[in-house]
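Everything below belongs to protein.cif, which stores mmCIF, C-alpha atoms.
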```cif
data_final
#
loop_
_atom_site.label_atom_id
_atom_site.label_comp_id
_atom_site.auth_asym_id
_atom_site.auth_seq_id
_atom_site.Cartn_x
_atom_site.Cartn_y
_atom_site.Cartn_z
CA MET A 28 99.01 132.44 128.14
CA LEU A 29 99.11 128.83 129.27
CA GLN A 30 96.23 128.09 126.91
CA LYS A 31 98.16 129.55 124.01
CA LYS A 32 101.28 127.57 124.82
CA SER A 33 99.42 124.26 124.86
CA THR A 34 97.86 125.13 121.49
CA GLU A 35 101.29 125.73 120.06
CA ILE A 36 102.59 122.47 121.48
CA THR A 37 99.75 120.42 120.04
CA VAL A 38 100.12 122.11 116.65
CA GLY A 39 103.80 121.29 116.75
CA MET A 40 102.98 117.68 117.55
CA PHE A 41 100.45 117.61 114.71
CA VAL A 42 102.96 118.86 112.14
CA ALA A 43 105.59 116.46 113.47
CA ALA A 44 103.16 113.54 113.24
CA GLY A 45 102.28 114.48 109.65
CA ILE A 46 105.92 114.66 108.66
CA ALA A 47 106.60 111.37 110.46
CA ALA A 48 103.78 109.78 108.44
CA LEU A 49 105.31 111.07 105.21
CA PHE A 50 108.70 109.81 106.34
CA MET A 51 107.25 106.39 107.05
CA LEU A 52 105.62 106.33 103.61
CA ALA A 53 108.94 107.26 102.06
CA MET A 54 111.13 104.80 103.92
CA LYS A 55 108.94 101.86 104.74
CA VAL A 56 106.41 101.85 101.90
CA SER A 57 108.20 103.21 98.85
CA ASN A 58 111.49 102.35 97.25
CA LEU A 59 113.07 105.71 98.10
CA SER A 60 115.55 104.01 100.41
CA ASP A 61 116.88 102.09 97.40
CA PHE A 62 117.83 105.20 95.49
CA ASN A 63 120.30 107.13 97.50
CA ASN A 64 122.19 104.53 99.51
CA ASP A 65 124.62 103.61 96.75
CA PRO A 66 125.25 105.02 93.30
CA GLY A 67 125.73 101.63 91.65
CA TYR A 68 127.21 100.89 88.24
CA LYS A 69 125.55 100.12 84.93
CA VAL A 70 126.13 97.16 82.65
CA ILE A 71 124.38 96.29 79.40
CA ALA A 72 122.82 93.01 78.33
CA GLU A 73 121.23 92.22 74.97
CA PHE A 74 118.33 89.81 74.83
CA GLU A 75 116.52 88.26 71.86
CA ASN A 76 113.23 88.67 73.65
CA ILE A 77 112.52 90.23 77.01
CA GLY A 78 108.91 89.13 77.35
CA GLY A 79 107.22 91.22 80.01
CA LEU A 80 110.35 92.68 81.62
CA LYS A 81 109.88 96.28 82.79
CA VAL A 82 112.04 99.14 83.95
CA ARG A 83 112.60 98.75 87.75
CA SER A 84 112.30 94.93 87.56
CA PRO A 85 114.73 93.27 89.97
CA VAL A 86 118.09 91.76 89.03
CA THR A 87 119.09 88.85 91.23
CA MET A 88 121.99 86.48 91.65
CA ALA A 89 121.33 83.21 93.48
CA GLY A 90 118.04 84.75 94.50
CA VAL A 91 119.66 87.74 96.17
CA ARG A 92 118.69 91.10 94.78
CA ILE A 93 121.76 92.81 93.34
CA GLY A 94 120.24 95.59 91.23
CA ARG A 95 117.41 96.72 89.04
CA VAL A 96 116.62 97.26 85.37
CA ALA A 97 117.39 100.90 84.61
CA ASP A 98 116.47 101.18 80.95
CA ILE A 99 115.11 99.11 78.05
CA SER A 100 115.57 100.02 74.39
CA LEU A 101 115.62 98.34 70.98
CA ASP A 102 118.97 98.01 69.23
CA PRO A 103 118.39 99.47 65.75
CA GLU A 104 120.85 97.10 64.03
CA SER A 105 120.45 93.71 65.64
CA TYR A 106 116.77 94.23 66.58
CA ASN A 107 117.54 92.84 70.00
CA ALA A 108 116.38 94.36 73.25
CA ARG A 109 119.13 96.38 74.96
CA VAL A 110 118.63 96.23 78.71
CA THR A 111 120.68 98.46 81.01
CA LEU A 112 121.14 96.90 84.44
CA ASP A 113 121.85 99.13 87.41
CA LEU A 114 123.83 96.98 89.86
CA TYR A 115 124.45 98.04 93.45
CA ALA A 116 128.00 99.19 94.12
CA SER A 117 128.40 96.71 96.98
CA PHE A 118 128.22 93.80 94.49
CA ASP A 119 131.32 94.75 92.53
CA THR A 120 132.86 91.29 92.22
CA ILE A 121 130.73 89.81 89.46
CA PRO A 122 132.88 87.94 86.88
CA THR A 123 132.81 89.26 83.29
CA ASP A 124 131.63 85.93 81.87
CA SER A 125 128.52 85.81 84.06
CA SER A 126 125.29 85.04 82.25
CA ALA A 127 121.93 86.76 82.48
CA SER A 128 118.56 85.07 81.92
CA ILE A 129 115.01 86.27 82.17
CA TYR A 130 112.85 84.27 84.55
CA THR A 131 109.30 84.52 85.77
CA ALA A 132 108.52 84.56 89.49
CA GLY A 133 105.86 81.89 89.80
CA LEU A 134 103.51 80.98 86.99
CA LEU A 135 101.79 84.35 86.73
CA GLY A 136 104.32 86.52 88.53
CA GLU A 137 106.42 89.34 87.22
CA GLN A 138 109.59 88.80 85.24
CA TYR A 139 113.07 89.44 86.57
CA ILE A 140 116.67 88.96 85.50
CA GLY A 141 118.62 86.18 87.16
CA MET A 142 122.40 86.26 86.83
CA GLU A 143 124.72 83.33 87.20
CA ALA A 144 128.34 83.88 88.11
CA GLY A 145 131.07 82.84 85.69
CA ALA A 146 134.65 81.78 86.38
CA GLU A 147 136.61 84.74 84.97
CA GLU A 148 139.10 86.55 87.21
CA GLU A 149 138.04 90.00 86.01
CA PHE A 150 134.96 91.75 87.25
CA LEU A 151 132.20 93.66 85.46
CA GLN A 152 132.78 97.43 85.30
CA GLU A 153 130.60 100.40 84.43
CA GLY A 154 129.50 100.15 80.78
CA ASP A 155 130.51 96.51 80.25
CA VAL A 156 128.35 94.16 78.22
CA VAL A 157 127.07 90.83 79.54
CA GLU A 158 127.71 88.48 76.60
CA LEU A 159 125.86 85.34 77.67
CA THR A 160 122.14 85.94 77.76
CA GLN A 161 119.08 83.76 77.57
CA PRO A 162 115.79 85.25 76.36
CA ALA A 163 112.52 85.14 78.20
CA LEU A 164 110.34 82.09 77.89
CA VAL A 165 107.23 83.07 75.96
CA LEU A 166 104.50 80.70 76.96
CA GLU A 167 102.71 80.75 73.60
CA GLN A 168 105.91 79.74 71.77
CA VAL A 169 106.56 76.88 74.16
CA ILE A 170 103.02 75.58 73.81
CA GLY A 171 103.25 75.98 70.02
CA GLN A 172 106.49 73.98 69.90
CA PHE A 173 105.05 71.33 72.15
CA LEU A 174 101.94 70.89 70.00
CA PHE A 175 104.06 70.85 66.85
CA SER A 176 106.37 68.11 68.15
CA LYS A 177 103.38 66.18 69.44
CA ALA A 178 101.74 66.31 66.00
CA GLU A 179 104.96 65.15 64.33
CA GLY A 180 105.34 62.29 66.80
CA ASP A 181 101.85 60.98 65.99
CA GLU A 182 102.62 60.37 62.31
CA MET B 6 56.19 130.09 79.55
CA ILE B 7 57.87 133.47 79.85
CA GLY B 8 57.95 132.93 83.59
CA ILE B 9 59.92 129.70 83.21
CA ILE B 10 62.48 131.29 80.91
CA ARG B 11 62.77 134.25 83.24
CA SER B 12 63.42 132.11 86.31
CA LEU B 13 65.86 129.95 84.34
CA GLY B 14 67.75 133.05 83.32
CA ARG B 15 67.75 134.37 86.84
CA TRP B 16 69.11 131.05 88.10
CA GLY B 17 71.82 131.01 85.42
CA LEU B 18 72.88 134.56 86.17
CA GLY B 19 72.94 133.70 89.85
CA VAL B 20 75.30 130.80 89.21
CA PHE B 21 77.68 132.98 87.20
CA GLU B 22 77.49 135.72 89.77
CA ARG B 23 78.43 133.34 92.58
CA LEU B 24 81.18 131.83 90.46
CA GLY B 25 82.64 135.27 89.74
CA ARG B 26 82.38 136.37 93.36
CA GLY B 27 84.04 133.14 94.44
CA HIS B 28 87.04 133.81 92.23
CA LEU B 29 87.32 137.45 93.28
CA PHE B 30 87.20 136.16 96.85
CA LEU B 31 90.05 133.76 96.04
CA VAL B 32 92.20 136.59 94.66
CA GLN B 33 91.61 138.76 97.74
CA MET B 34 92.33 135.80 100.00
CA LEU B 35 95.61 134.96 98.25
CA ALA B 36 96.61 138.60 98.42
CA GLY B 37 96.17 138.44 102.21
CA ILE B 38 98.57 135.51 102.64
CA PRO B 39 102.00 137.22 102.39
CA GLY B 40 101.19 139.47 105.37
CA LEU B 41 100.54 136.39 107.49
CA PHE B 42 104.18 135.48 107.83
CA LEU B 43 104.61 138.47 110.10
CA ARG B 44 101.82 137.24 112.38
CA PHE B 45 102.17 133.50 112.19
CA SER B 46 100.46 132.94 115.55
CA LEU B 47 97.12 133.52 113.81
CA VAL B 48 97.86 130.60 111.51
CA ILE B 49 98.96 128.39 114.40
CA GLN B 50 95.67 129.01 116.19
CA GLN B 51 93.80 127.92 113.07
CA LEU B 52 96.10 124.95 112.50
CA PHE B 53 94.94 123.78 115.89
CA SER B 54 91.21 124.02 115.18
CA VAL B 55 91.44 122.87 111.54
CA GLY B 56 94.23 120.33 111.70
CA VAL B 57 94.79 118.99 115.19
CA LEU B 58 91.10 118.50 115.95
CA SER B 59 90.71 116.50 112.70
CA VAL B 60 93.48 114.06 113.57
CA LEU B 61 91.28 111.70 115.56
CA ILE B 62 88.64 111.14 112.88
CA ILE B 63 91.32 110.84 110.18
CA ALA B 64 93.39 108.33 112.13
CA VAL B 65 90.45 106.17 113.17
CA SER B 66 88.94 106.14 109.68
CA GLY B 67 92.33 105.43 108.16
CA LEU B 68 92.88 102.49 110.47
CA PHE B 69 89.53 100.93 109.62
CA VAL B 70 89.76 101.62 105.89
CA GLY B 71 93.15 99.90 105.86
CA MET B 72 91.83 96.93 107.83
CA VAL B 73 88.82 96.49 105.54
CA LEU B 74 90.99 96.82 102.43
CA SER B 75 93.23 94.11 103.79
CA LEU B 76 90.34 91.73 104.51
CA GLN B 77 88.69 92.31 101.17
CA GLY B 78 91.90 92.24 99.17
CA TYR B 79 92.94 88.98 100.79
CA TYR B 80 89.60 87.42 99.88
CA VAL B 81 90.21 88.08 96.17
CA LEU B 82 93.98 87.54 96.08
CA VAL B 83 93.99 84.21 97.87
CA ASP B 84 92.14 82.65 94.92
CA PHE B 85 95.15 83.35 92.73
CA GLY B 86 97.67 82.34 95.37
CA ALA B 87 98.87 85.95 95.32
CA GLU B 88 98.20 86.96 98.91
CA GLU B 89 101.79 88.26 99.15
CA SER B 90 100.65 91.10 96.89
CA LEU B 91 98.31 92.30 99.62
CA GLY B 92 100.82 94.95 100.70
CA VAL B 93 101.13 96.35 97.17
CA MET B 94 97.39 96.47 96.69
CA VAL B 95 96.78 98.23 99.98
CA SER B 96 99.65 100.70 99.67
CA LEU B 97 98.91 101.71 96.08
CA SER B 98 95.19 102.13 96.63
CA LEU B 99 95.73 104.09 99.84
CA VAL B 100 98.57 106.29 98.68
CA ARG B 101 97.19 107.05 95.24
CA GLU B 102 93.45 107.27 95.76
CA LEU B 103 91.85 106.54 99.09
CA GLY B 104 94.26 108.50 101.26
CA PRO B 105 93.84 111.87 99.53
CA VAL B 106 90.17 111.42 98.59
CA VAL B 107 88.69 109.96 101.77
CA SER B 108 90.69 112.24 104.04
CA ALA B 109 89.58 115.24 101.96
CA LEU B 110 85.94 114.15 102.24
CA LEU B 111 86.31 113.76 105.99
CA PHE B 112 88.14 117.07 106.18
CA ALA B 113 85.27 118.77 104.34
CA GLY B 114 82.80 117.25 106.79
CA ARG B 115 84.81 117.91 109.92
CA ALA B 116 86.74 121.11 109.32
CA GLY B 117 85.08 122.64 106.25
CA SER B 118 81.60 122.73 107.77
CA ALA B 119 83.00 124.18 111.00
CA LEU B 120 84.77 126.94 109.08
CA THR B 121 81.62 127.83 107.18
CA ALA B 122 79.48 127.89 110.30
CA GLU B 123 82.05 129.97 112.19
CA ILE B 124 82.41 132.61 109.48
CA GLY B 125 78.69 132.58 108.71
CA LEU B 126 77.96 133.27 112.37
CA MET B 127 80.59 136.01 112.45
CA LYS B 128 78.85 137.59 109.50
CA SER B 129 75.34 137.29 110.94
CA THR B 130 76.43 138.77 114.27
CA GLU B 131 78.13 141.55 112.27
CA GLN B 132 81.58 140.85 113.64
CA LEU B 133 83.01 141.08 110.13
CA SER B 134 81.49 144.51 109.49
CA GLY B 135 82.59 145.54 112.96
CA MET B 136 86.17 144.71 112.03
CA GLU B 137 85.89 146.72 108.85
CA MET B 138 84.68 149.66 110.91
CA MET B 139 87.85 149.39 112.98
CA ALA B 140 89.92 149.37 109.77
CA VAL B 141 90.90 145.73 110.30
CA ASP B 142 90.65 143.83 107.03
CA PRO B 143 88.67 140.64 107.80
CA MET B 144 90.21 139.06 104.69
CA ARG B 145 93.63 139.26 106.29
CA ARG B 146 92.66 138.81 109.91
CA ILE B 147 90.02 136.05 109.59
CA ILE B 148 89.97 134.45 106.15
CA ALA B 149 93.60 134.18 105.08
CA PRO B 150 94.91 132.41 108.23
CA ARG B 151 92.16 129.81 107.96
CA PHE B 152 92.94 129.25 104.31
CA LEU B 153 96.65 128.78 104.92
CA ALA B 154 95.92 126.44 107.83
CA GLY B 155 93.66 124.28 105.65
CA LEU B 156 96.26 124.21 102.89
CA ILE B 157 99.00 123.10 105.30
CA SER B 158 97.03 120.54 107.27
CA MET B 159 95.38 118.68 104.38
CA PRO B 160 98.52 116.96 103.00
CA LEU B 161 99.68 116.13 106.53
CA LEU B 162 96.31 114.59 107.35
CA ALA B 163 96.29 112.61 104.10
CA ALA B 164 99.77 111.27 104.82
CA MET B 165 98.63 110.23 108.31
CA PHE B 166 95.58 108.55 106.82
CA SER B 167 97.69 106.51 104.40
CA ALA B 168 100.32 105.61 106.99
CA VAL B 169 97.78 104.55 109.62
CA GLY B 170 95.81 102.67 106.95
CA ILE B 171 98.88 100.70 105.90
CA ILE B 172 99.61 99.86 109.53
CA GLY B 173 96.00 98.71 109.96
CA ALA B 174 96.26 96.60 106.82
CA PHE B 175 99.46 95.06 108.14
CA LEU B 176 97.86 94.25 111.50
CA VAL B 177 94.97 92.45 109.84
CA GLY B 178 97.01 90.91 107.03
CA HIS B 179 99.82 89.61 109.20
CA GLY B 180 98.07 89.09 112.52
CA LEU B 181 94.68 87.82 111.45
CA LEU B 182 95.17 86.37 107.97
CA GLY B 183 98.73 85.17 108.33
CA VAL B 184 100.34 86.85 105.33
CA ASP B 185 104.12 86.70 105.57
CA ASP B 186 105.34 90.04 106.93
CA GLY B 187 108.57 90.09 104.90
CA ALA B 188 106.67 89.59 101.64
CA PHE B 189 104.09 92.18 102.68
CA TRP B 190 106.66 94.97 103.13
CA SER B 191 109.17 93.99 100.45
CA GLN B 192 106.60 93.65 97.65
CA MET B 193 105.18 96.98 98.73
CA GLN B 194 108.58 98.62 98.54
CA VAL B 195 109.32 97.20 95.12
CA LYS B 196 106.08 98.39 93.55
CA THR B 197 105.43 101.73 95.29
CA ASP B 198 107.42 104.58 93.84
CA TRP B 199 108.31 107.67 95.82
CA TYR B 200 107.84 110.11 92.94
CA ASP B 201 105.10 108.47 90.90
CA ASP B 202 102.88 107.30 93.72
CA ILE B 203 103.55 109.05 97.00
CA LEU B 204 104.44 112.54 95.76
CA ASN B 205 101.53 112.52 93.34
CA GLY B 206 99.26 111.58 96.22
CA VAL B 207 100.64 114.51 98.21
CA ILE B 208 100.05 116.86 95.27
CA LYS B 209 96.49 115.59 95.06
CA SER B 210 95.86 116.26 98.71
CA ILE B 211 97.30 119.79 98.43
CA VAL B 212 94.88 120.48 95.57
CA PHE B 213 91.99 119.08 97.60
CA GLY B 214 92.99 121.12 100.64
CA PHE B 215 93.06 124.26 98.50
CA VAL B 216 89.63 123.62 97.00
CA VAL B 217 87.87 122.45 100.16
CA THR B 218 89.11 125.36 102.29
CA TRP B 219 88.31 127.83 99.54
CA ILE B 220 84.75 126.51 99.19
CA ALA B 221 84.21 126.43 102.96
CA LEU B 222 85.47 129.97 103.53
CA TYR B 223 83.60 131.39 100.55
CA GLU B 224 80.31 129.78 101.53
CA GLY B 225 80.66 131.20 105.02
CA TYR B 226 81.62 134.65 103.80
CA ASP B 227 78.84 134.69 101.20
CA SER B 228 76.11 133.18 103.38
CA VAL B 229 72.78 134.87 104.01
CA PRO B 230 73.25 136.29 107.53
CA THR B 231 70.41 134.42 109.20
CA SER B 232 70.43 131.18 111.15
CA GLU B 233 68.76 129.45 108.20
CA GLY B 234 71.23 130.94 105.74
CA VAL B 235 74.20 129.74 107.79
CA GLY B 236 72.71 126.24 107.94
CA ARG B 237 72.20 126.21 104.21
CA ALA B 238 75.74 127.46 103.58
CA THR B 239 77.14 124.67 105.75
CA THR B 240 75.24 122.08 103.77
CA ARG B 241 76.44 123.61 100.51
CA THR B 242 80.04 123.45 101.72
CA VAL B 243 79.88 119.71 102.29
CA VAL B 244 78.01 118.97 99.06
CA HIS B 245 80.10 121.21 96.81
CA SER B 246 83.33 120.01 98.39
CA ALA B 247 82.38 116.39 97.75
CA PHE B 248 81.60 117.16 94.10
CA ALA B 249 84.81 119.12 93.68
CA ILE B 250 86.95 116.43 95.34
CA LEU B 251 85.56 113.53 93.32
CA GLY B 252 85.54 115.43 90.03
CA LEU B 253 89.06 116.77 90.51
CA ASP B 254 90.24 113.35 91.59
CA PHE B 255 89.25 111.91 88.24
CA VAL B 256 91.04 114.70 86.36
CA LEU B 257 94.18 114.44 88.51
CA THR B 258 94.30 110.65 88.26
CA ALA B 259 93.96 110.82 84.49
CA LEU B 260 96.79 113.38 84.34
CA MET B 261 99.14 111.65 86.77
CA PHE B 262 98.62 107.95 86.27
CA GLY B 263 96.99 108.01 82.84
CA GLU B 264 99.82 106.58 80.82
CA ASN B 265 100.50 103.42 82.77
#
```

Once more with this new file: its structure as structure tokens, please.
Amino acid sequence: MLQKKSTEITVGMFVAAGIAALFMLAMKVSNLSDFNNDPGYKVIAEFENIGGLKVRSPVTMAGVRIGRVADISLDPESYNARVTLDLYASFDTIPTDSSASIYTAGLLGEQYIGMEAGAEEEFLQEGDVVELTQPALVLEQVIGQFLFSKAEGDE
Amino acid sequence: MIGIIRSLGRWGLGVFERLGRGHLFLVQMLAGIPGLFLRFSLVIQQLFSVGVLSVLIIAVSGLFVGMVLSLQGYYVLVDFGAEESLGVMVSLSLVRELGPVVSALLFAGRAGSALTAEIGLMKSTEQLSGMEMMAVDPMRRIIAPRFLAGLISMPLLAAMFSAVGIIGAFLVGHGLLGVDDGAFWSQMQVKTDWYDDILNGVIKSIVFGFVVTWIALYEGYDSVPTSEGVGRATTRTVVHSAFAILGLDFVLTALMFGEN
């Protein structure tokens, strides 16, 4: 009887350890903890070119992460990229004339959206559009422009 | 010439026969599972010998696999100045691939071979036929609890493997190589997705647990009831499980992560 009890206890510990491992993977390793803590609100920004921006890329303000990219689509009329930003509900005091730019983290790093606060008294709400945007820097275009201006300067 | 064709045909028929018997075995085994919930203590006993006794080898291997991944990954990443991505590299490779696959291979070696030997010995000492004589269905009493135990413990063991591996990678990466711990965890959290990466890894390990336990139990049940036959069945369990795990892993990876 004692033997059986200790078997049951160790099996219970085994299952608990397995579930604890899954819990650690969920909370510490994956981004699950980001999902449920606040519902957030969505704003839209249109960019001429988004470069290598992806869904789930971070949105930051002054380097602090304030949300993530929820969706990317192509506007059928203006042919601009329509990026839906999912901002955390705790950052609900972002002025309506804030600007959004696409930056690259490091030379080879991933791209993210950096927002700069404006001076307006009103704050961005669900569904609002960020008017001031700056497209991603495409390295080939920059190099092309540089070479072009260099060639013109030589003449 | 005729002799060669004849033996080839016999071999081919033998393969199909074993394949068919294996699937009939699976159906009988699955049919025995619902009755188990009335006598769950049988399953708990098997969870102990299949799951708990495998924890040590899984945890130790996981720790060392994580530590080696960290060392090797750092060696490559530091050339690009991207050693902060060490956490992402380790977590994705462990959670998606190495966790389910390596723990399933270890599980086949540790628990699968033991299951085959146990059931093979039961068969050769005629315990299984003895049970049938007493109107106890060995499928329900012996096979089904072991199958359910394997199915339950495999995903738990794989999760432990990945978790311990990530801790090992952190110990080496942060303690030995000096990667910033904030960057290690935060980059990992940004890039590892709960649904796409971790849940798919869990699904993989459930599939592997199903296949490995099935193969192990079938080989034991179908073994030639001699000491040599049991030995051969045990070998077949490990070899066939390894083939099945690696082949299925390719198919599952292509299905789950194919598009990105």

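The space separating CA of Phe262 (chain B) from CA of Val165 (chain A) comes to 28.3 Å.
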
**Request:** Pull out every residue of chain A sitting within 10 Å of chain B, counting all atoms listed in the file, and send them as a PyMOL selection string.
**Result:** chain A and resi 31+34-62+83-85+133+135-136

**Item:** Residue with smallest distance to Val184 (chain B) - pool B:Leu91, B:Val55, B:Gly8, B:Glu22, counting only C-alpha atoms
**Value:**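 Nearest to Val184 (chain B): B:Leu91.
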
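Distance check against Glu143 (chain A) using all atoms listed in the file: of A:Pro162, A:Gly90, A:Gly171, A:Gly180, the minimum falls on A:Gly90.
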
**Prompt:** Within 9 Å of Val86 (chain A), counting all atoms listed in the file, which residues qualify if same-chain residues fewer than 2 places away don't, as an MDAnalysis selection string?
**Reply:** chainID A and resid 83:84 88 90:96 112:114 139:142

**Request:** For CA of Glu131 (chain B) and CA of Thr239 (chain B), quote the distance in Å rounded to one decimal.
**Result:** 18.1 Å

Set up a box along x, y and z of the file covering all listed atoms of region 95-105 of chain A, add 8 Å on every one of the six sides, and write the centre and edge lengths in Å to one decimal, as lines of an AutoDock Vina configuration file.
```
center_x = 118.0
center_y = 97.4
center_z = 76.5
size_x = 21.7
size_y = 23.5
size_z = 41.0
```

**Item:** Result set of the PyMOL selection byres ((chain B and resi 245) around 10) on the coordinates above, as a list in words
**Value:** Ala113, Val216, Val217, Ile220, Ala221, Glu224, Thr240, Arg241, Thr242, Val243, Val244, Ser246, Ala247, Phe248, Ala249 and Ile250 of chain B
